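> I am attaching a structure below and will ask some questions about it afterwards.
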Amino acid sequence: MYSAKMPNNFLWGGAVAAHQLEGAWKEGGKGTSVADVMTVGSATKPREITDGVLPGKNYPNHSAIDFYHHYKEDIKLMAEMGFKAFRTSIAWTRIFPNGDETEPNEEGLKFYDDLFDTCHEYGIEPVITLSHFEIPFNLAKNYSGFTNRKVIDFFVRFAEVCFKRYKNKVKYWMTFNEIDNQSAFNDDFLMATNSGILFKDGMTDKDKEAAMYQAGHYELVASALAVKIGHKINPDFQIGCMINYSPVRPLTPSSDDVLLADKWEQRRDWFSDVHVFGEYPNAVEAYIERNGYRPDITDEDRIVLKEGTVDYVGFSYYQSTTVSSKKVMPDDLTDLAKAIAKNPTLKRSDWGWEIDPEGLRIALNQLQDRYHKPLFIVENGLGAYDKVEADGSIHDDYRIDYLRSHISEMEKAVELDGVDLMGYLPWGCIDLVSAGTGQMDKRYGFIYVDKNDAGEGTLDRSRKDSFFWYKNVIESNGKNLG
Ligand code: P53
């Protein structure tokens, strides 16, 4: 609905994911997830995905920030900032340790009962992702992840158990985190995290891309089935999709650059197109056919997709993307990464992520125009090194600058452009393990956690300058940006 000002029920808060902060990877009956077999990397060194948990390696997600034992203290700090909503995920392996069991693990279910109860004690609405980069390792290793149709049933069982158990505790859900990331099909990390695909040596780009289309399709079917079941369990549920949205800028006004930007978007946005419209866009059907891929897509699947469309579009926004036809011509586009050009007008983070606040307003407008659905910013933020002063304070003005400029563009989108926006949940509201690099020192938080990349530290929590700044933002419903 059109609102000329920031709505009073706007969901200010923050976001995290289970595997990046809970730790306690073997407690409460939890099984091993793909995140548990990823080592620590750095800005320049990718994480290694090992064949099971091997001795002598550093797996940062195993202990993370031990939210599993600290959640009461952490939620209290979020309440102090005035959070209205808190996004986290349910670790699939706490509920189904190997993914293929028929009965859930009661101790895992109980943990999330207590967590959600704690949120409600402070009037904080939980926003829950079902699958956030933490598919059971068994499903990856022994079923080839989502390239296997059987995994649809395992996911749907997991979703149904969660919907039933938390029927009166959780209203806002999302099915698959950043489902569109896997369009970067030759990125081993993204394929493992998104779909539980562990590529074998010798696979060609074509093999990988074909696997991605199959896995993506089965995930979309699994999501649609979950949406249908969820709405039956509680018609008040709001179940969304979740994409990593990056508006694409042509490097120059040339037709080749403009068309390349369109092609690039088509090859990512089909995931959310299917989630929202319940049908495949022509551009992707044509691309699949032109390349000779034959994903298993049945007529029944197509009916399911239509019946399980989402209620809202959740998305993360970190940066825009700029593409150049000097790198690749539009009709030759396969590997999306190869089309990306450095945007000469933008600054970058220490990890090379471009900083583009206006890109967020563009994203909100594009998504509103394309989908006509409520939107929800469920991740945004700056990964940065923080310095703790002698007196324990942390002056993270760079983080405040990033968030201020993005919130300001977001407010223009709501107040000037009429975007129907449910809330703003910046990423990593408490410091946690980076998904991409496994580092602790790539920090996003308002709350500092004393732990470094080597895994050393007291785990003590403290308030950064941004903590007090964000409290004022929330208190003033976004008017006081400092
Ligand atoms: P990190 C890649 C591209 C965009 C977002 O990322 C991504 C990724 C995966 O690294 O992930 C999302 O921790 C994701 C979160 C993640 C966050 O962005 O690499 O949903 O789990 O932590 C930030 O700096």
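Ordering of the structure tokens sets the chain letters (A, B, ...), residue numbers begin anew at 1 in every chain, and ligands are numbered from 1 in the order given.
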Using only C-alpha atoms and all ligand atoms, which residues of the polymer chains come no farther than 6 Å from ligand 1? I'd like the answer as a short mmCIF file (atom, residue, chain, number, x, y, z; two decimals) with N, CA, C and O atoms, in the first residue's frame.


data_model
loop_
_atom_site.label_atom_id
_atom_site.label_comp_id
_atom_site.auth_asym_id
_atom_site.auth_seq_id
_atom_site.Cartn_x
_atom_site.Cartn_y
_atom_site.Cartn_z
N GLY A 383 31.17 -4.77 5.60
CA GLY A 383 32.16 -5.60 6.29
C GLY A 383 33.43 -4.80 6.42
O GLY A 383 33.95 -4.30 5.41
N SER A 434 32.13 -14.53 8.73
CA SER A 434 31.78 -14.18 7.35
C SER A 434 31.45 -15.44 6.56
O SER A 434 32.14 -16.46 6.68
N ALA A 435 30.40 -15.36 5.74
CA ALA A 435 30.05 -16.53 4.92
C ALA A 435 31.11 -16.72 3.84
O ALA A 435 31.61 -17.82 3.63
N GLY A 436 31.48 -15.65 3.18
CA GLY A 436 32.37 -15.75 2.02
C GLY A 436 33.79 -16.13 2.38
O GLY A 436 34.43 -16.90 1.66
N THR A 437 34.29 -15.58 3.48
CA THR A 437 35.71 -15.80 3.81
C THR A 437 35.92 -16.61 5.09
O THR A 437 37.05 -17.01 5.36
#

> For region 328-336 of chain A, find every residue with an atom within 7 Å (counting only C-alpha atoms), except residues of its own chain fewer than 4 positions away, and show them as a JSON list (two decimals) with N, CA and C atoms, in the first residue's frame.


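Everything below was put into selection19.json:
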[["chain", "number", "residue", "atom", "x", "y", "z"],
["A", 184, "ALA", "N", 26.07, -17.87, -10.41],
["A", 184, "ALA", "CA", 27.53, -17.95, -10.58],
["A", 184, "ALA", "C", 27.93, -19.42, -10.47],
["A", 256, "ASP", "N", 25.36, -2.41, -26.82],
["A", 256, "ASP", "CA", 25.93, -3.67, -26.34],
["A", 256, "ASP", "C", 26.00, -3.70, -24.81],
["A", 259, "LEU", "N", 22.32, -3.92, -23.47],
["A", 259, "LEU", "CA", 21.75, -5.27, -23.65],
["A", 259, "LEU", "C", 22.45, -6.28, -22.74],
["A", 260, "LEU", "N", 23.75, -6.11, -22.57],
["A", 260, "LEU", "CA", 24.49, -7.00, -21.68],
["A", 260, "LEU", "C", 23.95, -6.88, -20.25],
["A", 263, "LYS", "N", 20.73, -8.80, -20.14],
["A", 263, "LYS", "CA", 20.98, -10.26, -20.17],
["A", 263, "LYS", "C", 21.48, -10.73, -18.80],
["A", 264, "TRP", "N", 22.33, -9.94, -18.22],
["A", 264, "TRP", "CA", 22.90, -10.29, -16.91],
["A", 264, "TRP", "C", 21.78, -10.40, -15.87],
["A", 324, "SER", "N", 30.47, -4.65, -18.79],
["A", 324, "SER", "CA", 31.02, -4.05, -20.00],
["A", 324, "SER", "C", 31.10, -5.08, -21.13]]

> Taking only region 230-284 of chain A into account, list the residues labelled alpha helix (DSSP H) by DSSP (computed from the backbone), as a PyMOL selection string.

chain A and resi 230-233+255-277+282-284

> Which residues are near Ile229 (chain A)? Cut-off 12 Å, only C-alpha atoms, ignore same chain within fewer than 3 positions. Put them as a list in words.

Val156, Arg157, Phe158, Ala159, Glu160, Val161, Cys162, Phe163, Lys164, Lys167, Ala222, Ser223, Ala224, Leu225, Ala226, Lys232, Ile233, Asn234, Pro235, Phe237, Ile239, Val304, Glu307, Gly308 and Thr309 of chain A

> Write out as an MDAnalysis selection string each polymer residue whose atoms come within 10 Å of region 81-84 of chain A, counting only C-alpha atoms; drop sequence neighbours fewer than 3 positions from it.

chainID A and resid 9:14 75:78 119:120 122:126 423:425 446 467:475

> May I have all residues of region 264-434 of chain A that DSSP, computed from the backbone, assigns to strand (DSSP E or B), given as a PDB file with N, CA, C and O atoms, in the first residue's frame?


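The result, stored in out_17.pdb:
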ATOM      1  N   TYR A 312       5.963 -11.983  -0.345  1.00  0.00           N
ATOM      2  CA  TYR A 312       6.790 -10.768  -0.415  1.00  0.00           C
ATOM      3  C   TYR A 312       8.160 -11.129  -0.979  1.00  0.00           C
ATOM      4  O   TYR A 312       8.511 -12.308  -1.074  1.00  0.00           O
ATOM      5  N   VAL A 313       8.893 -10.100  -1.359  1.00  0.00           N
ATOM      6  CA  VAL A 313      10.240 -10.314  -1.892  1.00  0.00           C
ATOM      7  C   VAL A 313      11.254  -9.775  -0.880  1.00  0.00           C
ATOM      8  O   VAL A 313      11.348  -8.563  -0.660  1.00  0.00           O
ATOM      9  N   GLY A 314      11.959 -10.702  -0.243  1.00  0.00           N
ATOM     10  CA  GLY A 314      13.043 -10.320   0.663  1.00  0.00           C
ATOM     11  C   GLY A 314      14.325 -10.277  -0.145  1.00  0.00           C
ATOM     12  O   GLY A 314      14.517 -11.081  -1.052  1.00  0.00           O
ATOM     13  N   PHE A 315      15.179  -9.314   0.172  1.00  0.00           N
ATOM     14  CA  PHE A 315      16.443  -9.276  -0.581  1.00  0.00           C
ATOM     15  C   PHE A 315      17.567  -8.672   0.242  1.00  0.00           C
ATOM     16  O   PHE A 315      17.344  -7.931   1.192  1.00  0.00           O
ATOM     17  N   SER A 316      18.789  -9.069  -0.145  1.00  0.00           N
ATOM     18  CA  SER A 316      19.974  -8.442   0.415  1.00  0.00           C
ATOM     19  C   SER A 316      20.475  -7.454  -0.615  1.00  0.00           C
ATOM     20  O   SER A 316      20.352  -7.666  -1.824  1.00  0.00           O
ATOM     21  N   THR A 321      26.196  -3.844  -9.632  1.00  0.00           N
ATOM     22  CA  THR A 321      27.126  -4.524 -10.530  1.00  0.00           C
ATOM     23  C   THR A 321      27.245  -3.688 -11.795  1.00  0.00           C
ATOM     24  O   THR A 321      26.239  -3.163 -12.289  1.00  0.00           O
ATOM     25  N   THR A 322      28.448  -3.540 -12.317  1.00  0.00           N
ATOM     26  CA  THR A 322      28.636  -2.824 -13.571  1.00  0.00           C
ATOM     27  C   THR A 322      29.215  -3.799 -14.592  1.00  0.00           C
ATOM     28  O   THR A 322      30.118  -4.576 -14.255  1.00  0.00           O
ATOM     29  N   VAL A 323      28.657  -3.767 -15.797  1.00  0.00           N
ATOM     30  CA  VAL A 323      29.113  -4.729 -16.813  1.00  0.00           C
ATOM     31  C   VAL A 323      29.572  -4.004 -18.076  1.00  0.00           C
ATOM     32  O   VAL A 323      29.109  -2.904 -18.376  1.00  0.00           O
ATOM     33  N   ILE A 340      31.811  -8.515 -15.533  1.00  0.00           N
ATOM     34  CA  ILE A 340      31.850  -7.439 -14.534  1.00  0.00           C
ATOM     35  C   ILE A 340      33.047  -6.514 -14.738  1.00  0.00           C
ATOM     36  O   ILE A 340      34.171  -6.965 -14.941  1.00  0.00           O
ATOM     37  N   LYS A 347      33.550   3.926  -4.581  1.00  0.00           N
ATOM     38  CA  LYS A 347      34.605   3.479  -3.654  1.00  0.00           C
ATOM     39  C   LYS A 347      34.338   2.018  -3.294  1.00  0.00           C
ATOM     40  O   LYS A 347      33.234   1.527  -3.482  1.00  0.00           O
ATOM     41  N   ARG A 348      35.357   1.368  -2.730  1.00  0.00           N
ATOM     42  CA  ARG A 348      35.211  -0.046  -2.373  1.00  0.00           C
ATOM     43  C   ARG A 348      35.556  -0.282  -0.915  1.00  0.00           C
ATOM     44  O   ARG A 348      36.350   0.451  -0.337  1.00  0.00           O
ATOM     45  N   GLU A 354      31.913  -2.819  -3.910  1.00  0.00           N
ATOM     46  CA  GLU A 354      31.659  -1.423  -4.277  1.00  0.00           C
ATOM     47  C   GLU A 354      30.553  -0.827  -3.402  1.00  0.00           C
ATOM     48  O   GLU A 354      29.591  -1.510  -3.059  1.00  0.00           O
ATOM     49  N   ILE A 355      30.721   0.437  -3.050  1.00  0.00           N
ATOM     50  CA  ILE A 355      29.757   1.092  -2.143  1.00  0.00           C
ATOM     51  C   ILE A 355      28.883   2.032  -2.965  1.00  0.00           C
ATOM     52  O   ILE A 355      29.379   3.007  -3.530  1.00  0.00           O
ATOM     53  N   LEU A 375       8.164  -5.382  -0.345  1.00  0.00           N
ATOM     54  CA  LEU A 375       9.595  -5.702  -0.354  1.00  0.00           C
ATOM     55  C   LEU A 375      10.112  -5.675   1.084  1.00  0.00           C
ATOM     56  O   LEU A 375       9.528  -5.027   1.958  1.00  0.00           O
ATOM     57  N   PHE A 376      11.205  -6.374   1.316  1.00  0.00           N
ATOM     58  CA  PHE A 376      11.764  -6.443   2.671  1.00  0.00           C
ATOM     59  C   PHE A 376      13.286  -6.483   2.499  1.00  0.00           C
ATOM     60  O   PHE A 376      13.810  -7.424   1.882  1.00  0.00           O
ATOM     61  N   ILE A 377      13.975  -5.453   3.009  1.00  0.00           N
ATOM     62  CA  ILE A 377      15.443  -5.464   2.967  1.00  0.00           C
ATOM     63  C   ILE A 377      15.907  -6.305   4.155  1.00  0.00           C
ATOM     64  O   ILE A 377      15.784  -5.881   5.306  1.00  0.00           O
ATOM     65  N   VAL A 378      16.408  -7.498   3.889  1.00  0.00           N
ATOM     66  CA  VAL A 378      16.743  -8.412   4.977  1.00  0.00           C
ATOM     67  C   VAL A 378      18.257  -8.565   5.157  1.00  0.00           C
ATOM     68  O   VAL A 378      18.681  -9.385   5.982  1.00  0.00           O
ATOM     69  N   GLU A 379      19.038  -7.792   4.391  1.00  0.00           N
ATOM     70  CA  GLU A 379      20.489  -7.708   4.584  1.00  0.00           C
ATOM     71  C   GLU A 379      20.973  -6.451   3.885  1.00  0.00           C
ATOM     72  O   GLU A 379      20.538  -6.148   2.764  1.00  0.00           O
ATOM     73  N   ALA A 384      33.922  -4.613   7.646  1.00  0.00           N
ATOM     74  CA  ALA A 384      35.093  -3.755   7.857  1.00  0.00           C
ATOM     75  C   ALA A 384      35.906  -4.229   9.050  1.00  0.00           C
ATOM     76  O   ALA A 384      35.397  -4.927   9.917  1.00  0.00           O
ATOM     77  N   LEU A 421       7.505  -1.047   1.569  1.00  0.00           N
ATOM     78  CA  LEU A 421       8.651  -1.693   2.202  1.00  0.00           C
ATOM     79  C   LEU A 421       8.302  -2.121   3.625  1.00  0.00           C
ATOM     80  O   LEU A 421       7.798  -1.333   4.419  1.00  0.00           O
ATOM     81  N   MET A 422       8.566  -3.401   3.923  1.00  0.00           N
ATOM     82  CA  MET A 422       8.175  -3.958   5.223  1.00  0.00           C
ATOM     83  C   MET A 422       9.169  -3.636   6.329  1.00  0.00           C
ATOM     84  O   MET A 422       8.795  -3.470   7.489  1.00  0.00           O
ATOM     85  N   GLY A 423      10.450  -3.572   5.986  1.00  0.00           N
ATOM     86  CA  GLY A 423      11.413  -3.330   7.046  1.00  0.00           C
ATOM     87  C   GLY A 423      12.831  -3.304   6.543  1.00  0.00           C
ATOM     88  O   GLY A 423      13.097  -3.490   5.346  1.00  0.00           O
ATOM     89  N   TYR A 424      13.725  -3.071   7.476  1.00  0.00           N
ATOM     90  CA  TYR A 424      15.161  -2.945   7.186  1.00  0.00           C
ATOM     91  C   TYR A 424      15.940  -3.712   8.235  1.00  0.00           C
ATOM     92  O   TYR A 424      15.899  -3.373   9.428  1.00  0.00           O
ATOM     93  N   TRP A 427      22.677  -6.525   7.939  1.00  0.00           N
ATOM     94  CA  TRP A 427      23.343  -7.814   8.126  1.00  0.00           C
ATOM     95  C   TRP A 427      24.315  -7.793   9.313  1.00  0.00           C
ATOM     96  O   TRP A 427      24.963  -6.781   9.569  1.00  0.00           O
ATOM     97  N   ILE A 430      25.242  -8.361  15.040  1.00  0.00           N
ATOM     98  CA  ILE A 430      26.279  -8.697  16.004  1.00  0.00           C
ATOM     99  C   ILE A 430      27.399  -9.359  15.185  1.00  0.00           C
ATOM    100  O   ILE A 430      27.118 -10.122  14.265  1.00  0.00           O
TER     101      ILE A 430
END

> Quote the spacing between CA of Ile135 (chain A) and CA of Arg267 (chain A) in Å to one decimal place.

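Computed distance, CA of Ile135 (chain A) to CA of Arg267 (chain A), equals 24.0 Å.
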
> I'd like the contact shell of Val221 (chain A) - 10 Å cut-off, only C-alpha atoms, skipping same-chain residues fewer than 6 positions apart - returned as JSON, numbers by chain.

{"A": [149, 152, 156, 215, 227, 274, 275, 278, 297, 300, 301, 302, 303, 304, 305, 306, 308]}

> Skip Asp74 (chain A) itself and residues of its chain fewer than 3 positions away, then list as a ChimeraX atom specification all residues within 12 Å of it, counting only C-alpha atoms.

/A:14,16,21-22,65-71,77-81,83,86,115,118-119,122,429-431,445-449,459-463

> Any idea what the distance is between CA of Met191 (chain A) and CA of Arg249 (chain A)?

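Straight-line distance from CA of Met191 (chain A) to CA of Arg249 (chain A) works out to 25.2 Å.
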
> Rank nothing, just name the residue among A:Val258, A:Ile179, A:Val127, A:Ile197 nearest to Asn148 (chain A), using only C-alpha atoms.

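The answer is A:Ile197, which sits nearest to Asn148 (chain A).
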
> Which residue gives the smallest distance to Met38 (chain A) among A:Asp51, A:Asp296, A:Glu415, A:Asp257, with only C-alpha atoms counted?

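Nearest candidate to Met38 (chain A) out of A:Asp51, A:Asp296, A:Glu415, A:Asp257: A:Asp51.
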
> So how many Å separate CA of Lys442 (chain A) and CA of Asn58 (chain A), to one decimal?

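About the pair CA of Lys442 (chain A) and CA of Asn58 (chain A): they are 16.5 Å apart.
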
> Excluding region 34-37 of chain A and its own-chain neighbours fewer than 5 positions away, which residues fall within 8 Å of it when counting only C-alpha atoms? Please give them as a list in words.

His19, Trp25, Ile49, Thr50, Asp51, Gly52, Val53, Tyr59, Asn61, His62, Phe133, Glu134, Ile135, Pro136, Phe137, Ala140, Ala192, Thr193 and Gly196 of chain A

> Keeping only all heavy atoms, take the residues you just selected and write them out as a short mmCIF file (atom, residue, chain, number, x, y, z; two decimals), in the first residue's frame.


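Result file follows (again_19.cif):
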data_model
loop_
_atom_site.label_atom_id
_atom_site.label_comp_id
_atom_site.auth_asym_id
_atom_site.auth_seq_id
_atom_site.Cartn_x
_atom_site.Cartn_y
_atom_site.Cartn_z
N HIS A 19 24.32 -20.75 11.14
CA HIS A 19 25.67 -21.32 11.07
C HIS A 19 26.76 -20.30 11.28
O HIS A 19 27.89 -20.65 11.61
CB HIS A 19 25.87 -22.04 9.73
CG HIS A 19 25.94 -21.12 8.56
ND1 HIS A 19 27.12 -20.79 7.94
CD2 HIS A 19 24.98 -20.43 7.91
CE1 HIS A 19 26.88 -19.95 6.95
NE2 HIS A 19 25.59 -19.72 6.92
N TRP A 25 28.44 -26.76 17.33
CA TRP A 25 28.11 -27.50 16.10
C TRP A 25 27.77 -28.97 16.37
O TRP A 25 27.19 -29.62 15.52
CB TRP A 25 29.25 -27.39 15.09
CG TRP A 25 30.46 -28.21 15.39
CD1 TRP A 25 31.32 -28.02 16.42
CD2 TRP A 25 30.94 -29.34 14.66
NE1 TRP A 25 32.31 -28.94 16.37
CE2 TRP A 25 32.12 -29.77 15.30
CE3 TRP A 25 30.51 -30.02 13.51
CZ2 TRP A 25 32.86 -30.87 14.86
CZ3 TRP A 25 31.25 -31.10 13.06
CH2 TRP A 25 32.41 -31.53 13.73
N ILE A 49 36.66 -26.34 0.95
CA ILE A 49 35.54 -27.21 1.31
C ILE A 49 36.13 -28.61 1.42
O ILE A 49 36.58 -29.17 0.41
CB ILE A 49 34.44 -27.17 0.25
CG1 ILE A 49 33.99 -25.72 0.00
CG2 ILE A 49 33.24 -28.03 0.68
CD1 ILE A 49 33.13 -25.54 -1.23
N THR A 50 36.18 -29.17 2.62
CA THR A 50 36.87 -30.45 2.80
C THR A 50 35.88 -31.61 2.76
O THR A 50 34.67 -31.42 2.93
CB THR A 50 37.65 -30.46 4.13
OG1 THR A 50 36.75 -30.19 5.20
CG2 THR A 50 38.77 -29.43 4.13
N ASP A 51 36.41 -32.79 2.53
CA ASP A 51 35.56 -33.98 2.42
C ASP A 51 35.26 -34.51 3.82
O ASP A 51 35.89 -35.45 4.29
CB ASP A 51 36.29 -35.03 1.57
CG ASP A 51 35.39 -36.23 1.28
OD1 ASP A 51 34.16 -36.11 1.48
OD2 ASP A 51 35.91 -37.28 0.89
N GLY A 52 34.33 -33.85 4.49
CA GLY A 52 34.07 -34.15 5.89
C GLY A 52 34.94 -33.27 6.77
O GLY A 52 35.70 -32.43 6.26
N VAL A 53 34.82 -33.44 8.08
CA VAL A 53 35.60 -32.64 9.02
C VAL A 53 36.94 -33.33 9.24
O VAL A 53 37.00 -34.45 9.73
CB VAL A 53 34.83 -32.47 10.35
CG1 VAL A 53 35.70 -31.76 11.38
CG2 VAL A 53 33.53 -31.70 10.11
N TYR A 59 37.91 -24.71 11.32
CA TYR A 59 36.53 -24.56 10.82
C TYR A 59 35.80 -23.53 11.69
O TYR A 59 35.30 -23.89 12.76
CB TYR A 59 35.80 -25.90 10.89
CG TYR A 59 36.39 -26.99 10.02
CD1 TYR A 59 37.15 -28.02 10.58
CD2 TYR A 59 36.18 -27.00 8.64
CE1 TYR A 59 37.68 -29.03 9.79
CE2 TYR A 59 36.71 -28.00 7.85
CZ TYR A 59 37.46 -29.02 8.42
OH TYR A 59 37.98 -30.01 7.64
N ASN A 61 33.01 -22.00 11.76
CA ASN A 61 31.58 -22.09 12.13
C ASN A 61 31.34 -23.05 13.30
O ASN A 61 30.27 -23.02 13.90
CB ASN A 61 30.74 -22.53 10.92
CG ASN A 61 30.88 -21.57 9.76
OD1 ASN A 61 31.95 -21.47 9.16
ND2 ASN A 61 29.84 -20.83 9.46
N HIS A 62 32.32 -23.90 13.61
CA HIS A 62 32.09 -24.87 14.69
C HIS A 62 31.81 -24.19 16.02
O HIS A 62 30.98 -24.68 16.81
CB HIS A 62 33.30 -25.80 14.83
CG HIS A 62 33.41 -26.79 13.72
ND1 HIS A 62 34.31 -27.82 13.72
CD2 HIS A 62 32.73 -26.91 12.56
CE1 HIS A 62 34.18 -28.54 12.61
NE2 HIS A 62 33.23 -28.00 11.89
N PHE A 133 22.35 -21.51 3.60
CA PHE A 133 23.72 -22.01 3.39
C PHE A 133 24.09 -23.12 4.38
O PHE A 133 25.25 -23.24 4.76
CB PHE A 133 24.76 -20.90 3.53
CG PHE A 133 24.63 -19.72 2.60
CD1 PHE A 133 25.44 -18.60 2.75
CD2 PHE A 133 23.72 -19.71 1.54
CE1 PHE A 133 25.36 -17.51 1.90
CE2 PHE A 133 23.63 -18.62 0.68
CZ PHE A 133 24.45 -17.52 0.87
N GLU A 134 23.14 -23.92 4.85
CA GLU A 134 23.50 -24.90 5.87
C GLU A 134 22.80 -26.24 5.66
O GLU A 134 22.30 -26.86 6.59
CB GLU A 134 23.26 -24.33 7.29
CG GLU A 134 21.88 -23.72 7.48
CD GLU A 134 21.84 -22.55 8.48
OE1 GLU A 134 22.80 -22.35 9.22
OE2 GLU A 134 20.82 -21.83 8.48
N ILE A 135 22.76 -26.68 4.41
CA ILE A 135 22.18 -27.98 4.08
C ILE A 135 22.99 -29.08 4.78
O ILE A 135 24.22 -28.97 4.90
CB ILE A 135 22.16 -28.18 2.54
CG1 ILE A 135 21.41 -29.46 2.14
CG2 ILE A 135 23.56 -28.16 1.96
CD1 ILE A 135 21.18 -29.60 0.63
N PRO A 136 22.33 -30.14 5.28
CA PRO A 136 23.08 -31.23 5.91
C PRO A 136 24.17 -31.79 4.97
O PRO A 136 23.90 -32.02 3.78
CB PRO A 136 22.00 -32.28 6.21
CG PRO A 136 20.75 -31.48 6.35
CD PRO A 136 20.88 -30.35 5.37
N PHE A 137 25.35 -32.00 5.51
CA PHE A 137 26.47 -32.49 4.70
C PHE A 137 26.12 -33.84 4.06
O PHE A 137 26.49 -34.12 2.91
CB PHE A 137 27.74 -32.62 5.56
CG PHE A 137 28.94 -33.06 4.79
CD1 PHE A 137 29.45 -32.31 3.74
CD2 PHE A 137 29.57 -34.26 5.09
CE1 PHE A 137 30.56 -32.73 3.01
CE2 PHE A 137 30.68 -34.69 4.37
CZ PHE A 137 31.17 -33.92 3.32
N ALA A 140 24.50 -33.35 0.83
CA ALA A 140 25.44 -32.91 -0.20
C ALA A 140 26.28 -34.10 -0.68
O ALA A 140 26.37 -34.37 -1.88
CB ALA A 140 26.34 -31.82 0.37
N ALA A 192 28.05 -25.05 -3.31
CA ALA A 192 27.95 -25.88 -2.11
C ALA A 192 26.98 -25.25 -1.12
O ALA A 192 26.12 -25.94 -0.55
CB ALA A 192 29.33 -26.06 -1.47
N THR A 193 27.11 -23.95 -0.91
CA THR A 193 26.25 -23.30 0.09
C THR A 193 24.80 -23.25 -0.37
O THR A 193 23.90 -23.53 0.40
CB THR A 193 26.71 -21.86 0.37
OG1 THR A 193 26.85 -21.18 -0.86
CG2 THR A 193 28.03 -21.82 1.10
N GLY A 196 24.16 -27.51 -2.01
CA GLY A 196 24.80 -28.74 -1.56
C GLY A 196 25.42 -29.51 -2.70
O GLY A 196 25.48 -30.74 -2.69
#

> Using only C-alpha atoms for the distances, tell me which of A:Cys241, A:Leu416, A:Ala4, A:Ala24 is nearest to Trp173 (chain A).

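That would be A:Cys241, the residue with the smallest distance to Trp173 (chain A).
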
> For Asp417 (chain A), which residue out of A:Arg361, A:Lys110, A:Lys150, A:Lys464 is the nearest one, using only C-alpha atoms?

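Closest residue, counting only C-alpha atoms: A:Arg361.
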